[in-house]
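Trainee: Have a look at this one.
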Amino acid sequence: MTLAPLLSASPAIQFHAFAAMTAFGLGVVQLAAPKGTLPHRTIGWIWVALMAGVSVSAFFIHQIRLWGPWSPIHLLAIFTLTVLPIAVWHAHRHEVGKHRNRMVTLFIGALVIAGAFTFLPGRIMHAVVLGP
């Protein structure tokens, strides 16, 4: 394992990857920890900011070009930027079930599933974990 491929990537990719990895770690903590507590809310706001950063930074990454400079990951970024404020609004309104469903959907879809695709051969994270 070497961080060299990631550290030699563009700043947008570096930010995107490190924010996503941090969001993944905090997301695991959020899913396992007690809900409704001050730490849950604090970590939750940090997680929301990280996910917004991951999504916005995706618009500056154009390695996979299916439609001009765009790819399905950009659709996921739009989806995430749409669902994040809705999920926060549900928490604000104490609609716990709706909040939980949207947040778990974002965690699984935008971090777990999308993250798994970054380990395909030819991708930077594949080179980080398994070498060139």
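Naming scheme: A, B, ... for chains in displayed order of the structure tokens; residues 1 onward per chain; ligands 1 onward as shown.
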List every residue of range 5-116 of chain A that DSSP, applied to the backbone, labels as alpha helix (DSSP H), and write the result as an MDAnalysis selection string.
Mentor: chainID A and resid 5:7 11:32 38:58 72:92 96:106 114:116
Trainee: Please determine, counting only C-alpha atoms, which residue among A:Ala87, A:Val96, A:Ala32, A:Ala77 has the shortest atom-to-atom distance to Trp45 in chain A.
Mentor: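 Among the listed residues, A:Ala87 lies closest to Trp45 in chain A.
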Trainee: Find the residues near range 5-10 of chain A: any atom within 7 Å, counting only C-alpha atoms, skip ones fewer than 6 places away on the same chain, and give them as a ChimeraX atom specification.
Mentor: /A:124,127-128
Trainee: Taking into account only C-alpha atoms, which residue in the set A:Ile13, A:Pro39, A:Ala116, A:Pro121 is nearest to His62 in chain A?
Mentor: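 Comparing A:Ile13, A:Pro39, A:Ala116, A:Pro121 against His62 in chain A, the winner is A:Ile13.
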Trainee: Pick out the residues sitting within 7 Å of range 47-56 of chain A, and hand them over as a VMD selection string; count only C-alpha atoms, and ignore anything fewer than 3 positions along from it in its own chain.
Mentor: chain A and resid 16 19 to 20 23 26 43 to 44 59 77 80 to 81 84
Trainee: Those same residues, written as a JSON list (two decimals), in the first residue's frame with all heavy atoms?
Mentor:
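Result saved to again08.json:
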[["chain", "number", "residue", "atom", "x", "y", "z"],
["A", 16, "HIS", "N", -11.12, 15.32, -2.53],
["A", 16, "HIS", "CA", -12.28, 14.43, -2.68],
["A", 16, "HIS", "C", -12.05, 13.11, -1.94],
["A", 16, "HIS", "O", -12.90, 12.65, -1.18],
["A", 16, "HIS", "CB", -12.50, 14.17, -4.18],
["A", 16, "HIS", "CG", -13.69, 13.34, -4.50],
["A", 16, "HIS", "ND1", -14.97, 13.85, -4.56],
["A", 16, "HIS", "CD2", -13.80, 12.02, -4.81],
["A", 16, "HIS", "CE1", -15.81, 12.88, -4.88],
["A", 16, "HIS", "NE2", -15.13, 11.75, -5.03],
["A", 19, "ALA", "N", -11.65, 13.64, 1.99],
["A", 19, "ALA", "CA", -12.95, 13.98, 2.57],
["A", 19, "ALA", "C", -13.86, 12.76, 2.58],
["A", 19, "ALA", "O", -14.58, 12.52, 3.57],
["A", 19, "ALA", "CB", -13.59, 15.13, 1.79],
["A", 20, "ALA", "N", -13.84, 11.97, 1.52],
["A", 20, "ALA", "CA", -14.68, 10.78, 1.45],
["A", 20, "ALA", "C", -14.25, 9.74, 2.49],
["A", 20, "ALA", "O", -15.10, 9.12, 3.16],
["A", 20, "ALA", "CB", -14.63, 10.17, 0.05],
["A", 23, "ALA", "N", -15.36, 11.02, 5.84],
["A", 23, "ALA", "CA", -16.81, 10.87, 5.94],
["A", 23, "ALA", "C", -17.20, 9.42, 6.18],
["A", 23, "ALA", "O", -18.12, 9.13, 6.95],
["A", 23, "ALA", "CB", -17.50, 11.41, 4.69],
["A", 26, "LEU", "N", -16.39, 8.66, 9.90],
["A", 26, "LEU", "CA", -17.38, 9.28, 10.79],
["A", 26, "LEU", "C", -18.76, 8.66, 10.61],
["A", 26, "LEU", "O", -19.52, 8.55, 11.57],
["A", 26, "LEU", "CB", -17.44, 10.79, 10.52],
["A", 26, "LEU", "CG", -16.27, 11.61, 11.02],
["A", 26, "LEU", "CD1", -16.47, 13.08, 10.66],
["A", 26, "LEU", "CD2", -16.07, 11.44, 12.51],
["A", 43, "ILE", "N", -21.04, 15.43, 15.28],
["A", 43, "ILE", "CA", -20.41, 14.62, 14.23],
["A", 43, "ILE", "C", -21.27, 14.64, 12.97],
["A", 43, "ILE", "O", -20.74, 14.66, 11.85],
["A", 43, "ILE", "CB", -20.16, 13.18, 14.73],
["A", 43, "ILE", "CG1", -19.08, 13.19, 15.83],
["A", 43, "ILE", "CG2", -19.74, 12.26, 13.59],
["A", 43, "ILE", "CD1", -18.92, 11.87, 16.54],
["A", 44, "GLY", "N", -22.58, 14.68, 13.15],
["A", 44, "GLY", "CA", -23.48, 14.74, 12.00],
["A", 44, "GLY", "C", -23.26, 15.98, 11.16],
["A", 44, "GLY", "O", -23.24, 15.90, 9.92],
["A", 59, "PHE", "N", -17.31, 17.70, -9.04],
["A", 59, "PHE", "CA", -17.51, 18.47, -10.27],
["A", 59, "PHE", "C", -16.20, 18.97, -10.87],
["A", 59, "PHE", "O", -16.18, 19.47, -11.99],
["A", 59, "PHE", "CB", -18.47, 19.63, -10.03],
["A", 59, "PHE", "CG", -19.87, 19.16, -9.73],
["A", 59, "PHE", "CD1", -20.40, 19.26, -8.45],
["A", 59, "PHE", "CD2", -20.65, 18.58, -10.72],
["A", 59, "PHE", "CE1", -21.67, 18.80, -8.17],
["A", 59, "PHE", "CE2", -21.93, 18.12, -10.45],
["A", 59, "PHE", "CZ", -22.43, 18.24, -9.18],
["A", 77, "ALA", "N", -23.37, 13.09, -7.31],
["A", 77, "ALA", "CA", -23.07, 14.32, -6.58],
["A", 77, "ALA", "C", -24.30, 15.23, -6.52],
["A", 77, "ALA", "O", -24.60, 15.81, -5.46],
["A", 77, "ALA", "CB", -21.89, 15.05, -7.23],
["A", 80, "THR", "N", -26.70, 13.68, -4.04],
["A", 80, "THR", "CA", -26.24, 13.89, -2.67],
["A", 80, "THR", "C", -26.50, 15.33, -2.23],
["A", 80, "THR", "O", -27.00, 15.56, -1.11],
["A", 80, "THR", "CB", -24.74, 13.56, -2.55],
["A", 80, "THR", "OG1", -24.56, 12.19, -2.92],
["A", 80, "THR", "CG2", -24.23, 13.78, -1.14],
["A", 81, "LEU", "N", -26.20, 16.29, -3.08],
["A", 81, "LEU", "CA", -26.43, 17.69, -2.72],
["A", 81, "LEU", "C", -27.91, 18.02, -2.60],
["A", 81, "LEU", "O", -28.28, 18.99, -1.94],
["A", 81, "LEU", "CB", -25.76, 18.61, -3.75],
["A", 81, "LEU", "CG", -24.24, 18.61, -3.70],
["A", 81, "LEU", "CD1", -23.66, 19.36, -4.90],
["A", 81, "LEU", "CD2", -23.74, 19.21, -2.39],
["A", 84, "LEU", "N", -28.98, 15.74, 0.99],
["A", 84, "LEU", "CA", -28.39, 16.19, 2.26],
["A", 84, "LEU", "C", -29.26, 17.21, 3.00],
["A", 84, "LEU", "O", -29.57, 17.02, 4.17],
["A", 84, "LEU", "CB", -26.99, 16.77, 2.03],
["A", 84, "LEU", "CG", -25.81, 15.84, 2.16],
["A", 84, "LEU", "CD1", -24.52, 16.58, 1.81],
["A", 84, "LEU", "CD2", -25.70, 15.22, 3.53]]
Trainee: Nearest to Ala114 in chain A: which of A:Thr82, A:Ile73, A:His126, A:Arg100 is it, counting only C-alpha atoms?
Mentor: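 Distance minimum relative to Ala114 in chain A lands on A:Ile73.
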Trainee: Go through A:Leu76, A:Ile86, A:Ile46, A:Ile113 one by one, measure the shortest atom-to-atom distance of each to Gln30 in chain A using only C-alpha atoms, and give the residue with the smallest value.
Mentor: A:Ile46
Trainee: Closest to Ile78 in chain A among A:Gln63, A:Thr22, A:Thr42, A:Ser57, using only C-alpha atoms?
Mentor: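 Ranked by minimum distance to Ile78 in chain A, first place goes to A:Ser57.
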Trainee: Could you please determine the separation between CA of Ala91 in chain A and CA of Leu111 in chain A in Å, to one decimal place?
Mentor: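 Calculated distance between CA of Ala91 in chain A and CA of Leu111 in chain A is 20.5 Å.
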Trainee: Just the number, please: distance in Å from CA of Met103 in chain A to CA of Pro34 in chain A, one decimal.
Mentor: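 Computed distance, CA of Met103 in chain A to CA of Pro34 in chain A, equals 15.0 Å.
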Trainee: Report, in Å with one decimal, the straight-line distance from CA of Phe107 in chain A to CA of Leu31 in chain A.
Mentor: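 CA of Leu31 in chain A lies at a distance of 9.5 Å from CA of Phe107 in chain A.
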Trainee: Restricting the calculation to only C-alpha atoms, which member of A:Gly109, A:His90, A:Arg102, A:Arg123 is positioned closest to Phe24 in chain A?
Mentor: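 Closest to Phe24 in chain A, using only C-alpha atoms: A:Gly109.
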